[in-house]
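Student: Sharing a structure with you now.
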Protein chains: 2
Amino acid sequence: MSSIPKIVILGAGYGGILTAQKLQKELNYNEADVTLVNRHDYHYFTTHLHMPAAGTDSVDHSRVAISRLIDEFKIDLVKSNVQDIRLFDKKVILEDGTLSFDYLIVALGGEPESFGIPGLDNYAFTIRSINSVRLIRQHIEYQFAQYKGDESRKDRLNFVVGGAGFSGIEFVAELADRIPLLCREYDVDPALVHIYNIEAAPTALPGFDAELVEYAMDVLKKKGVTFKIGTAIKECTEKGVLLATDELIKTATVVWTGGIRGNRLVEAAGFEAMRGRVKIDEYLRAPNQEQIFIIGDNSLMLNSEGRPYPPTAQMAMQQGICCAQNIVALIRGQQLKPFHFSHKGTVASLGKGEAIAVVGHKKYMGWKAAQLKKLVDLRYLFTIGGITLVLRKGRFL
Amino acid sequence: MSSIPKIVILGAGYGGILTAQKLQKELNYNEADVTLVNRHDYHYFTTHLHMPAAGTDSVDHSRVAISRLIDEFKIDLVKSNVQDIRLFDKKVILEDGTLSFDYLIVALGGEPESFGIPGLDNYAFTIRSINSVRLIRQHIEYQFAQYKGDESRKDRLNFVVGGAGFSGIEFVAELADRIPLLCREYDVDPALVHIYNIEAAPTALPGFDAELVEYAMDVLKKKGVTFKIGTAIKECTEKGVLLATDELIKTATVVWTGGIRGNRLVEAAGFEAMRGRVKIDEYLRAPNQEQIFIIGDNSLMLNSEGRPYPPTAQMAMQQGICCAQNIVALIRGQQLKPFHFSHKGTVASLGKGEAIAVVGHKKYMGWKAAQLKKLVDLRYLFTIGGITLVLRKGRFL
């Protein structure tokens with residue numbers, strides 16, 4: 001039996017992949033055993049999923065085989081579903097086996113949060129995985145095909161997006177770009193199609209610069225999106241969505257982007273969590289745990305104003321690198337480094353050739369922001385896979 | 001009011017288009033008013049629909065705008081649904097108007113025949129129009145997308161094609177070509193997908209040369225098709241198909257190709273019909289009618305052995321030309337010409353690079369037959385639209 005420490009990483013999202021890659025680089029030969037567990041044999045780019053969900057880009061531009069990102073001589077890959085995390089036994093229960101660990105990185109990603117709105121769990125789609133976005137894309141196109149078989153069902157041409165936060169806005173923009181193509185393919189009059197974006201908060205893109213929010217809404221309104229801001233969804237049924245105003249929007253397609261919470265496995269494991277998110281220490285460790293790190297959507301960190309940072313890819317990536325460094329430090333008996341989030345800026349895509357961005361104190365909109373968005377995507381590909389991955393998966397146009 | 005004779009053509013399928021084109025060519029200026037009525041503003045190639053239905057070719061390769069085939073200075077196009085044919089009043093009732101005629105050509109095409117098998121009308125798809133094949137294509141792909149959201153529903157990966165006649169075999173072959181692509185797109189193990197072809201008759205492709213039938217079945221079996229020949233479908237439900245052997249094949253996708261009958265409008269009009277098909281005279285006229293012609297799927301003609309000719313595109317086209325000539329002869333008080341069917345041969349596609357064909361007494365199979373099939377398609381495009389249409393719509397590879 002090897003006596004070298006066992007490191008187990010749960011999840012190969014932004015946080016997990018960056019942790020694995022950093023460990024792979026920093027650890028010396030035989031300094032530790034590293035195992036990366038993931039549900040799929042690919043890593044996907046969550047921030048890109050709004051495109052394949054709407055059908056404006058192929059799914060394969062949103063994922064890459066993990067074996068291309070990781071050196072399998074140095075890291076073991078296990079394709080499995082995590083079923084339980086046993087803190088006391090230092091074991092992870094997989095659906096087809098168990099893994100012991102000395103160091104654990106929980107990077108499982110979040111889950112959609114429906115805030116108890118009745119029917120959302122049953123009748124709304126969520127943009128959360130490759131499988132879920134293929135389903136959304138096909139469901140949308142199927143509505144057009146079915147409508148042409150029974151033109152009395154005009155509600156099939158209504159599409160409702162719940163939530164006008166980051167994901168909601170980015171998806172609704174792609175959908176607005178996709179609809180004209182579907183209308184052409186299915187001989188449907190575009191005037192019959194309606195896209196609704198519903199948001200309970202008093203503004204779209206809460207937290208974003210007001211001028212940019214206005215710009216974004218103008219762009220999307222011109223593309224045919226109808227906004228209902230400051231309007232909660234009361235219920236979602238098979239027939240459509242009922243709004244707080246008692247207006248009923250009949251539809252067969254509701255895509256819910258209104259919230260994200262931490263993973264239920266994290267709560268089940270016994271960590272003290274708020275909506276599945278665990279308040280971690282400055283070294284990214286779970287409370288009272290020396291060797292268990294929680295990063296990404298399941299971690300909760302407060303900014304200097306005492307408010308939680310929103311869960312983003314940027315945050316998960318920086319946490320991944322820091323947590324790998326801290327694990328190496330622990331193994332070597334060195335000093336841990338506290339995590340400091342470095343905000344690189346924010347870009348929201350508004351469909352083809354349009355975006356808004358904030359970098360430092362500068363604001364961008366339109367074509368320039370769209371180029372920035374592409375740059376961010378390409379930069380990520382370069383970070384995890386070098387120039388080869390940029391050339392294989394990058395979108396330059 | 002013009003006193004020149006009014007010719008109305010119902011339907012712009014193979015028969016109707018050829019009639020219209022021949023009339024356009026033969027009639028002198030002001031010799032007759034010609035109106036072509038069709039449900040859509042495009043003509044589609046029924047014999048090609050098995051490809052877009054399976055998703056192996058685009059819908060736009062299977063249709064062309066009627067305005068590109070007809071000179072609208074010479075022929076009026078009316079896009080409408082025929083609701084009733086009033087023989088006594090010499091009127092056709094459209095959903096949005098009426099048309100009087102002196103000469104009528106009924107070329108409305110057939111309808112699927114379900115032979116009273118319970119559930120087929122409700123739960124099975126049929127390959128009958130551009131709208132219906134887009135629905136089939138999307139439905140099939142949607143099964144893959146849904147399966148990845150709930151892998152317990154393995155029945156979603158079963159596909160049942162009812163009927164192993166010409167259309168059934170051609171469709172099942174395309175489907176077998178399409179499945180591997182869908183498996184790759186959706187990360188589905190191809191071993192989980194099953195294609196069944198069910199036929200009540202004691203052989204597939206009844207009427208075809210036995211050696212070619214065997215060849216065709218071998219090709220399709222190698223592509224993964226499971227045949228159940230000599231096996232009737234007892235019932236079709238939401239859950240799947242129940243066979244005469246009491247075997248239940250669970251599936252969400254049944255495509256019925258097992259039969260065709262004449263149009264119900266023809267029966268409703270009071271013509272004496274057998275399954276919607278009217279036994280026409282040697283000049284293609286309805287019984288006891290001097291100026292009403294019935295061609296294509298709604299006409300019934302007996303061959304020299306006293307058996308009805310099967311309704312084919314070839315038959316409809318030849319009838320279209322002959323009936324146009326006879327109408328011109330009637331207007332000019334000339335002698336009518338009896339119709340003689342000239343059998344040019346038969347080709348059945350078996351998917352990419354494979355086909356079987358009989359031309360005269362020669363049999364072809366494999367690559368050569370597949371080239372023949374392409375030639376037949378290109379020849380048709382040339383016939384109706386010249387070299388321009390061949391270049392726009394032709395598939396050469």
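Naming scheme: A, B, ... for chains in displayed order of the structure tokens; residues 1 onward per chain; ligands 1 onward as shown.
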Could you give me, as a Markdown table, a per-residue list for chain A showing, wherever an atom lies at most 7 Å from an atom of chain B, the closest pair of atoms and their distance in Å to one decimal, using only C-alpha atoms and sorting by chain then residue number from low to high?
Tutor:
```
| residue | atom | partner | partner_atom | distance |
| --- | --- | --- | --- | --- |
| A:Asn131 | CA | B:Lys148 | CA | 5.9 |
| A:Ser132 | CA | B:Gly149 | CA | 6.8 |
| A:Arg134 | CA | B:Ala145 | CA | 5.9 |
| A:Leu135 | CA | B:Ala145 | CA | 4.7 |
| A:Gln138 | CA | B:Tyr142 | CA | 5.5 |
| A:His139 | CA | B:Tyr142 | CA | 6.7 |
| A:Tyr142 | CA | B:Gln138 | CA | 5.5 |
| A:Ala145 | CA | B:Leu135 | CA | 4.8 |
| A:Gln146 | CA | B:Leu135 | CA | 6.1 |
| A:Lys148 | CA | B:Asn131 | CA | 6.0 |
| A:Gly149 | CA | B:Asn131 | CA | 6.4 |
```
Student: Would you save the residues from that selection as a short mmCIF file (atom, residue, chain, number, x, y, z; two decimals), in the first residue's frame, using all heavy atoms?
Tutor:
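out28.cif, freshly written:
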```cif
data_model
loop_
_atom_site.label_atom_id
_atom_site.label_comp_id
_atom_site.auth_asym_id
_atom_site.auth_seq_id
_atom_site.Cartn_x
_atom_site.Cartn_y
_atom_site.Cartn_z
N ASN A 131 -26.03 17.67 -21.97
CA ASN A 131 -27.30 16.96 -22.20
C ASN A 131 -28.49 17.90 -22.12
O ASN A 131 -29.42 17.81 -22.93
CB ASN A 131 -27.47 15.84 -21.17
CG ASN A 131 -26.56 14.67 -21.45
OD1 ASN A 131 -26.11 14.47 -22.59
ND2 ASN A 131 -26.24 13.89 -20.43
N SER A 132 -28.47 18.80 -21.16
CA SER A 132 -29.64 19.68 -21.02
C SER A 132 -29.74 20.68 -22.17
O SER A 132 -30.84 21.01 -22.60
CB SER A 132 -29.62 20.41 -19.67
OG SER A 132 -28.82 21.56 -19.71
N ARG A 134 -28.69 20.22 -25.31
CA ARG A 134 -29.15 19.54 -26.52
C ARG A 134 -30.66 19.35 -26.47
O ARG A 134 -31.36 19.46 -27.47
CB ARG A 134 -28.43 18.19 -26.68
CG ARG A 134 -27.01 18.33 -27.20
CD ARG A 134 -26.40 16.98 -27.54
NE ARG A 134 -26.26 16.16 -26.36
CZ ARG A 134 -25.25 15.34 -26.13
NH1 ARG A 134 -24.25 15.23 -27.02
NH2 ARG A 134 -25.19 14.60 -25.05
N LEU A 135 -31.15 19.06 -25.27
CA LEU A 135 -32.59 18.86 -25.10
C LEU A 135 -33.34 20.16 -25.38
O LEU A 135 -34.37 20.16 -26.07
CB LEU A 135 -32.86 18.38 -23.67
CG LEU A 135 -34.30 17.96 -23.35
CD1 LEU A 135 -34.75 16.82 -24.24
CD2 LEU A 135 -34.42 17.56 -21.88
N GLN A 138 -33.30 20.89 -29.18
CA GLN A 138 -34.21 20.02 -29.93
C GLN A 138 -35.66 20.32 -29.61
O GLN A 138 -36.52 20.27 -30.49
CB GLN A 138 -33.90 18.55 -29.66
CG GLN A 138 -32.62 18.08 -30.31
CD GLN A 138 -32.50 18.49 -31.75
OE1 GLN A 138 -31.59 19.22 -32.12
NE2 GLN A 138 -33.43 18.08 -32.59
N HIS A 139 -35.92 20.61 -28.35
CA HIS A 139 -37.29 20.92 -27.96
C HIS A 139 -37.80 22.15 -28.72
O HIS A 139 -38.92 22.16 -29.22
CB HIS A 139 -37.36 21.16 -26.44
CG HIS A 139 -38.74 21.48 -25.97
ND1 HIS A 139 -39.67 20.52 -25.68
CD2 HIS A 139 -39.35 22.67 -25.80
CE1 HIS A 139 -40.80 21.10 -25.32
NE2 HIS A 139 -40.63 22.41 -25.38
N TYR A 142 -38.42 21.30 -32.30
CA TYR A 142 -39.57 20.41 -32.41
C TYR A 142 -40.88 21.19 -32.33
O TYR A 142 -41.88 20.79 -32.94
CB TYR A 142 -39.49 19.38 -31.28
CG TYR A 142 -40.38 18.16 -31.46
CD1 TYR A 142 -40.47 17.51 -32.68
CD2 TYR A 142 -41.09 17.63 -30.40
CE1 TYR A 142 -41.27 16.39 -32.84
CE2 TYR A 142 -41.88 16.50 -30.54
CZ TYR A 142 -41.97 15.89 -31.76
OH TYR A 142 -42.77 14.78 -31.91
N ALA A 145 -41.65 22.25 -35.81
CA ALA A 145 -42.09 21.12 -36.63
C ALA A 145 -43.52 20.72 -36.27
O ALA A 145 -44.34 20.44 -37.14
CB ALA A 145 -41.13 19.94 -36.45
N GLN A 146 -43.83 20.72 -34.97
CA GLN A 146 -45.18 20.34 -34.54
C GLN A 146 -46.21 21.41 -34.92
O GLN A 146 -47.32 21.08 -35.31
CB GLN A 146 -45.20 20.10 -33.03
CG GLN A 146 -44.50 18.81 -32.65
CD GLN A 146 -44.58 18.57 -31.15
OE1 GLN A 146 -43.96 19.27 -30.36
NE2 GLN A 146 -45.34 17.59 -30.75
N LYS A 148 -46.25 23.20 -37.52
CA LYS A 148 -46.62 23.05 -38.93
C LYS A 148 -47.56 21.88 -39.15
O LYS A 148 -48.19 21.76 -40.21
CB LYS A 148 -45.37 22.90 -39.79
CG LYS A 148 -44.55 24.16 -39.91
CD LYS A 148 -45.36 25.32 -40.47
CE LYS A 148 -45.51 25.22 -41.98
NZ LYS A 148 -46.06 26.48 -42.54
N GLY A 149 -47.65 20.99 -38.16
CA GLY A 149 -48.60 19.88 -38.27
C GLY A 149 -49.97 20.26 -37.71
O GLY A 149 -50.96 19.59 -38.00
#
```
Student: As a list in words, please: the residues near Ile179 of chain A (cut-off 10 Å, only C-alpha atoms, same-chain neighbours under 3 positions excluded).
Tutor: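 Skipping anything fewer than 3 positions along the chain leaves Ala54, Gly55, Thr56, Ile140, Glu141, Phe144, Leu157, Glu174, Leu175, Ala176, Leu182, Cys183, Arg184, Glu185, Val188, Pro190, Val193, His194, Ile195, Lys223 and Gly224 of chain A.
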Student: Take the residues just selected and output them with N, CA, C and O atoms as a JSON list (two decimals), in the first residue's frame.
Tutor:
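The result, written out as again_14.json:
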```json
[["chain", "number", "residue", "atom", "x", "y", "z"],
["A", 54, "ALA", "N", -29.46, 27.42, -27.67],
["A", 54, "ALA", "CA", -30.33, 28.08, -28.65],
["A", 54, "ALA", "C", -30.14, 27.48, -30.04],
["A", 54, "ALA", "O", -30.96, 27.69, -30.92],
["A", 55, "GLY", "N", -29.08, 26.73, -30.21],
["A", 55, "GLY", "CA", -28.82, 26.13, -31.52],
["A", 55, "GLY", "C", -27.99, 27.02, -32.43],
["A", 55, "GLY", "O", -27.91, 26.78, -33.63],
["A", 56, "THR", "N", -27.34, 28.04, -31.86],
["A", 56, "THR", "CA", -26.53, 28.94, -32.69],
["A", 56, "THR", "C", -25.07, 28.48, -32.78],
["A", 56, "THR", "O", -24.28, 29.09, -33.49],
["A", 140, "ILE", "N", -36.97, 23.16, -28.81],
["A", 140, "ILE", "CA", -37.37, 24.39, -29.50],
["A", 140, "ILE", "C", -37.67, 24.10, -30.97],
["A", 140, "ILE", "O", -38.72, 24.48, -31.50],
["A", 141, "GLU", "N", -36.77, 23.38, -31.61],
["A", 141, "GLU", "CA", -36.98, 23.11, -33.03],
["A", 141, "GLU", "C", -38.21, 22.23, -33.24],
["A", 141, "GLU", "O", -38.97, 22.40, -34.20],
["A", 144, "PHE", "N", -41.48, 24.05, -33.67],
["A", 144, "PHE", "CA", -41.75, 24.54, -35.03],
["A", 144, "PHE", "C", -42.29, 23.41, -35.90],
["A", 144, "PHE", "O", -43.25, 23.59, -36.64],
["A", 157, "LEU", "N", -45.29, 28.60, -30.52],
["A", 157, "LEU", "CA", -44.34, 29.59, -31.02],
["A", 157, "LEU", "C", -44.05, 30.67, -29.96],
["A", 157, "LEU", "O", -43.44, 31.69, -30.27],
["A", 174, "GLU", "N", -29.28, 34.74, -27.91],
["A", 174, "GLU", "CA", -29.01, 33.70, -28.91],
["A", 174, "GLU", "C", -30.32, 33.19, -29.52],
["A", 174, "GLU", "O", -30.40, 32.94, -30.72],
["A", 175, "LEU", "N", -31.33, 33.04, -28.66],
["A", 175, "LEU", "CA", -32.61, 32.55, -29.13],
["A", 175, "LEU", "C", -33.19, 33.51, -30.17],
["A", 175, "LEU", "O", -33.70, 33.09, -31.21],
["A", 176, "ALA", "N", -33.07, 34.80, -29.88],
["A", 176, "ALA", "CA", -33.57, 35.81, -30.83],
["A", 176, "ALA", "C", -32.81, 35.72, -32.16],
["A", 176, "ALA", "O", -33.38, 35.99, -33.21],
["A", 182, "LEU", "N", -35.03, 29.44, -37.86],
["A", 182, "LEU", "CA", -36.06, 28.40, -37.72],
["A", 182, "LEU", "C", -37.30, 28.77, -38.53],
["A", 182, "LEU", "O", -37.93, 27.91, -39.14],
["A", 183, "CYS", "N", -37.65, 30.05, -38.53],
["A", 183, "CYS", "CA", -38.81, 30.48, -39.31],
["A", 183, "CYS", "C", -38.60, 30.18, -40.79],
["A", 183, "CYS", "O", -39.51, 29.74, -41.48],
["A", 184, "ARG", "N", -37.38, 30.40, -41.26],
["A", 184, "ARG", "CA", -37.11, 30.12, -42.66],
["A", 184, "ARG", "C", -37.17, 28.62, -42.94],
["A", 184, "ARG", "O", -37.80, 28.17, -43.89],
["A", 185, "GLU", "N", -36.54, 27.85, -42.07],
["A", 185, "GLU", "CA", -36.51, 26.39, -42.26],
["A", 185, "GLU", "C", -37.91, 25.80, -42.26],
["A", 185, "GLU", "O", -38.20, 24.86, -42.99],
["A", 188, "VAL", "N", -42.39, 29.51, -41.33],
["A", 188, "VAL", "CA", -43.24, 30.13, -40.31],
["A", 188, "VAL", "C", -43.06, 31.64, -40.39],
["A", 188, "VAL", "O", -41.93, 32.14, -40.47],
["A", 190, "PRO", "N", -42.36, 35.01, -39.07],
["A", 190, "PRO", "CA", -41.68, 35.44, -37.83],
["A", 190, "PRO", "C", -42.58, 36.26, -36.91],
["A", 190, "PRO", "O", -42.38, 36.27, -35.69],
["A", 193, "VAL", "N", -44.01, 34.44, -33.87],
["A", 193, "VAL", "CA", -43.15, 33.94, -32.80],
["A", 193, "VAL", "C", -42.95, 35.01, -31.73],
["A", 193, "VAL", "O", -42.74, 36.18, -32.07],
["A", 194, "HIS", "N", -43.04, 34.63, -30.46],
["A", 194, "HIS", "CA", -42.85, 35.59, -29.37],
["A", 194, "HIS", "C", -41.84, 35.05, -28.36],
["A", 194, "HIS", "O", -41.95, 33.91, -27.92],
["A", 195, "ILE", "N", -40.88, 35.90, -28.03],
["A", 195, "ILE", "CA", -39.90, 35.54, -27.00],
["A", 195, "ILE", "C", -40.13, 36.46, -25.80],
["A", 195, "ILE", "O", -40.12, 37.68, -25.95],
["A", 223, "LYS", "N", -34.32, 42.93, -31.39],
["A", 223, "LYS", "CA", -34.30, 41.56, -31.93],
["A", 223, "LYS", "C", -35.62, 40.85, -31.69],
["A", 223, "LYS", "O", -35.77, 39.68, -32.03],
["A", 224, "GLY", "N", -36.57, 41.54, -31.03],
["A", 224, "GLY", "CA", -37.90, 40.96, -30.89],
["A", 224, "GLY", "C", -38.23, 40.40, -29.52],
["A", 224, "GLY", "O", -39.25, 39.74, -29.35]]
```
Student: Neighbours of segment 96-102 of chain A within 12 Å (only C-alpha atoms; same-chain residues fewer than 3 positions away dropped), as number ranges by chain?
Tutor: A: 3-10, 32-37, 39, 76, 78-93, 105-106, 289-293, 327, 330-331
Student: Mind dumping the selected residues with N, CA and C atoms as a short mmCIF file (atom, residue, chain, number, x, y, z; two decimals), in the first residue's frame?
Tutor:
```
data_model
loop_
_atom_site.label_atom_id
_atom_site.label_comp_id
_atom_site.auth_asym_id
_atom_site.auth_seq_id
_atom_site.Cartn_x
_atom_site.Cartn_y
_atom_site.Cartn_z
N SER A 3 2.06 4.90 0.72
CA SER A 3 1.83 5.80 1.85
C SER A 3 1.81 7.26 1.40
N ILE A 4 1.89 7.48 0.11
CA ILE A 4 1.85 8.88 -0.35
C ILE A 4 0.41 9.38 -0.30
N PRO A 5 0.25 10.67 -0.06
CA PRO A 5 -1.11 11.20 0.16
C PRO A 5 -1.99 11.08 -1.08
N LYS A 6 -3.28 10.85 -0.80
CA LYS A 6 -4.26 10.71 -1.89
C LYS A 6 -5.08 11.99 -1.99
N ILE A 7 -5.06 12.56 -3.18
CA ILE A 7 -5.87 13.76 -3.44
C ILE A 7 -7.00 13.38 -4.37
N VAL A 8 -8.22 13.71 -3.99
CA VAL A 8 -9.37 13.43 -4.86
C VAL A 8 -10.05 14.75 -5.20
N ILE A 9 -10.24 14.96 -6.49
CA ILE A 9 -10.95 16.16 -6.97
C ILE A 9 -12.31 15.72 -7.48
N LEU A 10 -13.37 16.31 -6.94
CA LEU A 10 -14.72 15.96 -7.40
C LEU A 10 -15.22 17.03 -8.36
N ALA A 32 2.26 12.74 -4.57
CA ALA A 32 0.86 12.48 -4.21
C ALA A 32 0.19 11.71 -5.34
N ASP A 33 -0.88 10.99 -4.99
CA ASP A 33 -1.77 10.36 -5.98
C ASP A 33 -2.93 11.31 -6.22
N VAL A 34 -3.19 11.65 -7.48
CA VAL A 34 -4.31 12.55 -7.74
C VAL A 34 -5.36 11.81 -8.58
N THR A 35 -6.62 11.89 -8.14
CA THR A 35 -7.72 11.29 -8.90
C THR A 35 -8.76 12.38 -9.17
N LEU A 36 -9.16 12.45 -10.42
CA LEU A 36 -10.18 13.43 -10.82
C LEU A 36 -11.45 12.65 -11.18
N VAL A 37 -12.54 12.95 -10.47
CA VAL A 37 -13.80 12.24 -10.70
C VAL A 37 -14.75 13.18 -11.44
N ARG A 39 -18.59 13.16 -13.89
CA ARG A 39 -19.76 12.45 -14.41
C ARG A 39 -19.60 12.09 -15.89
N ASP A 76 -5.23 10.16 -12.31
CA ASP A 76 -6.23 9.14 -12.66
C ASP A 76 -7.57 9.82 -12.93
N VAL A 78 -11.59 9.21 -13.26
CA VAL A 78 -12.66 8.26 -12.97
C VAL A 78 -13.96 8.88 -13.48
N LYS A 79 -14.63 8.18 -14.42
CA LYS A 79 -15.91 8.68 -14.92
C LYS A 79 -17.00 8.03 -14.09
N SER A 80 -17.60 8.79 -13.22
CA SER A 80 -18.64 8.23 -12.36
C SER A 80 -19.44 9.35 -11.72
N ASN A 81 -20.57 8.97 -11.16
CA ASN A 81 -21.38 9.93 -10.40
C ASN A 81 -21.05 9.82 -8.93
N VAL A 82 -20.85 10.95 -8.30
CA VAL A 82 -20.63 10.96 -6.86
C VAL A 82 -21.99 10.79 -6.18
N GLN A 83 -22.04 9.87 -5.20
CA GLN A 83 -23.32 9.67 -4.52
C GLN A 83 -23.28 10.18 -3.10
N ASP A 84 -22.10 10.18 -2.51
CA ASP A 84 -22.03 10.57 -1.11
C ASP A 84 -20.59 10.95 -0.77
N ILE A 85 -20.45 11.93 0.12
CA ILE A 85 -19.14 12.30 0.62
C ILE A 85 -19.13 11.97 2.11
N ARG A 86 -18.25 11.06 2.56
CA ARG A 86 -18.24 10.66 3.97
C ARG A 86 -17.03 11.30 4.64
N LEU A 87 -17.27 12.42 5.28
CA LEU A 87 -16.18 13.20 5.86
C LEU A 87 -15.42 12.40 6.92
N PHE A 88 -16.16 11.73 7.78
CA PHE A 88 -15.54 11.03 8.90
C PHE A 88 -14.65 9.88 8.42
N ASP A 89 -15.16 9.14 7.43
CA ASP A 89 -14.40 7.99 6.89
C ASP A 89 -13.37 8.42 5.86
N LYS A 90 -13.37 9.68 5.48
CA LYS A 90 -12.52 10.16 4.39
C LYS A 90 -12.70 9.30 3.14
N LYS A 91 -13.96 9.14 2.75
CA LYS A 91 -14.28 8.35 1.57
C LYS A 91 -15.31 9.07 0.71
N VAL A 92 -15.22 8.83 -0.58
CA VAL A 92 -16.24 9.31 -1.49
C VAL A 92 -16.92 8.08 -2.08
N ILE A 93 -18.25 8.05 -2.01
CA ILE A 93 -18.99 6.91 -2.56
C ILE A 93 -19.41 7.26 -3.99
N ILE A 105 -11.04 17.93 -2.84
CA ILE A 105 -11.47 19.20 -3.42
C ILE A 105 -12.88 18.99 -3.94
N VAL A 106 -13.84 19.69 -3.36
CA VAL A 106 -15.23 19.60 -3.81
C VAL A 106 -15.46 20.71 -4.83
N GLN A 289 -12.13 22.12 8.76
CA GLN A 289 -11.48 21.04 8.01
C GLN A 289 -10.10 21.53 7.57
N GLU A 290 -9.09 20.68 7.81
CA GLU A 290 -7.73 21.06 7.43
C GLU A 290 -7.43 20.69 5.98
N GLN A 291 -8.08 19.63 5.50
CA GLN A 291 -7.66 19.06 4.23
C GLN A 291 -8.79 18.91 3.22
N ILE A 292 -9.90 19.60 3.48
CA ILE A 292 -11.03 19.54 2.54
C ILE A 292 -11.33 20.95 2.02
N PHE A 293 -11.21 21.08 0.73
CA PHE A 293 -11.38 22.38 0.07
C PHE A 293 -12.70 22.39 -0.70
N ILE A 327 -2.77 22.92 -1.33
CA ILE A 327 -2.62 21.48 -1.06
C ILE A 327 -1.15 21.09 -1.14
N LEU A 330 0.47 22.22 1.97
CA LEU A 330 0.15 21.36 3.11
C LEU A 330 1.00 20.09 3.08
N ILE A 331 1.11 19.49 1.89
CA ILE A 331 1.88 18.25 1.76
C ILE A 331 3.34 18.51 2.12
#
```
Student: Between atom CA of Gly230 of chain A and atom CA of Gly162 of chain A, what distance in Å does the model show, to one decimal?
Tutor: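 So the two atoms, atom CA of Gly230 of chain A and atom CA of Gly162 of chain A, lie 11.8 Å apart.
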Student: DSSP on the backbone, alpha helix (DSSP H) only: what residues of segment 174-384 of chain A does that give? Format it as JSON, numbers by chain.
Tutor: {"A": [174, 175, 176, 177, 178, 179, 180, 181, 182, 183, 184, 185, 186, 210, 211, 212, 213, 214, 215, 216, 217, 218, 219, 220, 221, 222, 264, 265, 266, 267, 268, 313, 314, 315, 316, 317, 318, 319, 320, 321, 322, 323, 324, 325, 326, 327, 328, 329, 330, 331, 367, 368, 369, 370, 371, 372, 373, 374, 375, 376, 377, 378, 379, 380, 381, 382, 383, 384]}
Student: Which parts of segment 235-318 of chain A does DSSP call strand (DSSP E) when run on the backbone here, written out as a VMD selection string?
Tutor: chain A and resid 235 to 236 240 to 243 248 to 250 253 to 256 260 to 261 273 to 274 277 to 279 292 to 294 299 to 300
Student: Fewer than 6 positions away in the same chain doesn't count, so skip those; otherwise give me all residues within 9 Å of Gly13 of chain A, counting only C-alpha atoms, as a PyMOL selection string.
Tutor: chain A and resi 38+43-46+107-109+296+313+316-317
Student: Which residue gives the smallest distance to Glu211 of chain B among B:Leu389, B:Leu378, B:Leu372, B:Ala357, with only C-alpha atoms counted?
Tutor: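 Of B:Leu389, B:Leu378, B:Leu372, B:Ala357, the one nearest Glu211 of chain B is B:Ala357, counting only C-alpha atoms.
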Student: Kindly give the distance, in Å, that separates atom CA of Ala65 of chain B and atom CA of Thr19 of chain B, rounded to a single decimal.
Tutor: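 If I compute the distance from atom CA of Ala65 of chain B to atom CA of Thr19 of chain B, I get 16.5 Å.
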Student: Tell me, in Å to one decimal, how far atom CA of Arg68 of chain B is from atom CA of Leu27 of chain B.
Tutor: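 Between these atoms lies a distance of 19.2 Å.
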Student: Between B:Phe227, B:Asn288, B:Ala201, B:Gly394, which one has atoms that come closest to Leu381 of chain B, using only C-alpha atoms?
Tutor: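 Looking only at the distances to Leu381 of chain B, the closest residue turns out to be B:Gly394.
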Student: Out of B:Val160, B:Ile127, B:Leu243, B:Ile169, which residue has the shortest atom-to-atom distance to Gly110 of chain B when counting only C-alpha atoms?
Tutor: B:Ile127
Student: Name all residues at most 8 Å from Glu354 of chain B (count only C-alpha atoms; drop same-chain ones fewer than 3 positions away) and give them as number ranges by chain.
Tutor: B: 219, 349-351, 365-367, 369-370
Student: Using only N, CA, C and O atoms, please write the residues we just selected to a file, as a short mmCIF file (atom, residue, chain, number, x, y, z; two decimals), in the first residue's frame.
Tutor:
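Final output, selection_9.cif:
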```cif
data_model
loop_
_atom_site.label_atom_id
_atom_site.label_comp_id
_atom_site.auth_asym_id
_atom_site.auth_seq_id
_atom_site.Cartn_x
_atom_site.Cartn_y
_atom_site.Cartn_z
N VAL B 219 -28.31 -5.88 -47.19
CA VAL B 219 -27.69 -4.57 -47.00
C VAL B 219 -28.24 -3.92 -45.73
O VAL B 219 -27.49 -3.41 -44.89
N SER B 349 -33.72 3.08 -53.48
CA SER B 349 -32.49 3.46 -52.78
C SER B 349 -32.38 2.69 -51.47
O SER B 349 -33.38 2.41 -50.80
N LEU B 350 -31.15 2.30 -51.13
CA LEU B 350 -30.92 1.60 -49.86
C LEU B 350 -29.95 2.39 -48.99
O LEU B 350 -29.15 1.84 -48.25
N GLY B 351 -30.00 3.71 -49.13
CA GLY B 351 -29.09 4.56 -48.35
C GLY B 351 -27.85 4.88 -49.14
O GLY B 351 -27.77 4.64 -50.35
N MET B 365 -27.56 -3.78 -58.80
CA MET B 365 -27.53 -3.62 -57.34
C MET B 365 -26.25 -2.90 -56.94
O MET B 365 -25.30 -2.83 -57.71
N GLY B 366 -26.27 -2.33 -55.71
CA GLY B 366 -25.07 -1.68 -55.19
C GLY B 366 -24.84 -0.32 -55.80
O GLY B 366 -25.76 0.43 -56.10
N TRP B 367 -23.57 -0.02 -56.01
CA TRP B 367 -23.13 1.30 -56.42
C TRP B 367 -23.77 1.73 -57.75
O TRP B 367 -24.21 2.85 -57.91
N ALA B 369 -26.56 0.76 -59.14
CA ALA B 369 -27.98 1.09 -58.96
C ALA B 369 -28.13 2.44 -58.27
O ALA B 369 -29.04 3.21 -58.59
N ALA B 370 -27.22 2.72 -57.33
CA ALA B 370 -27.29 4.02 -56.63
C ALA B 370 -27.05 5.16 -57.61
O ALA B 370 -27.69 6.21 -57.52
#
```
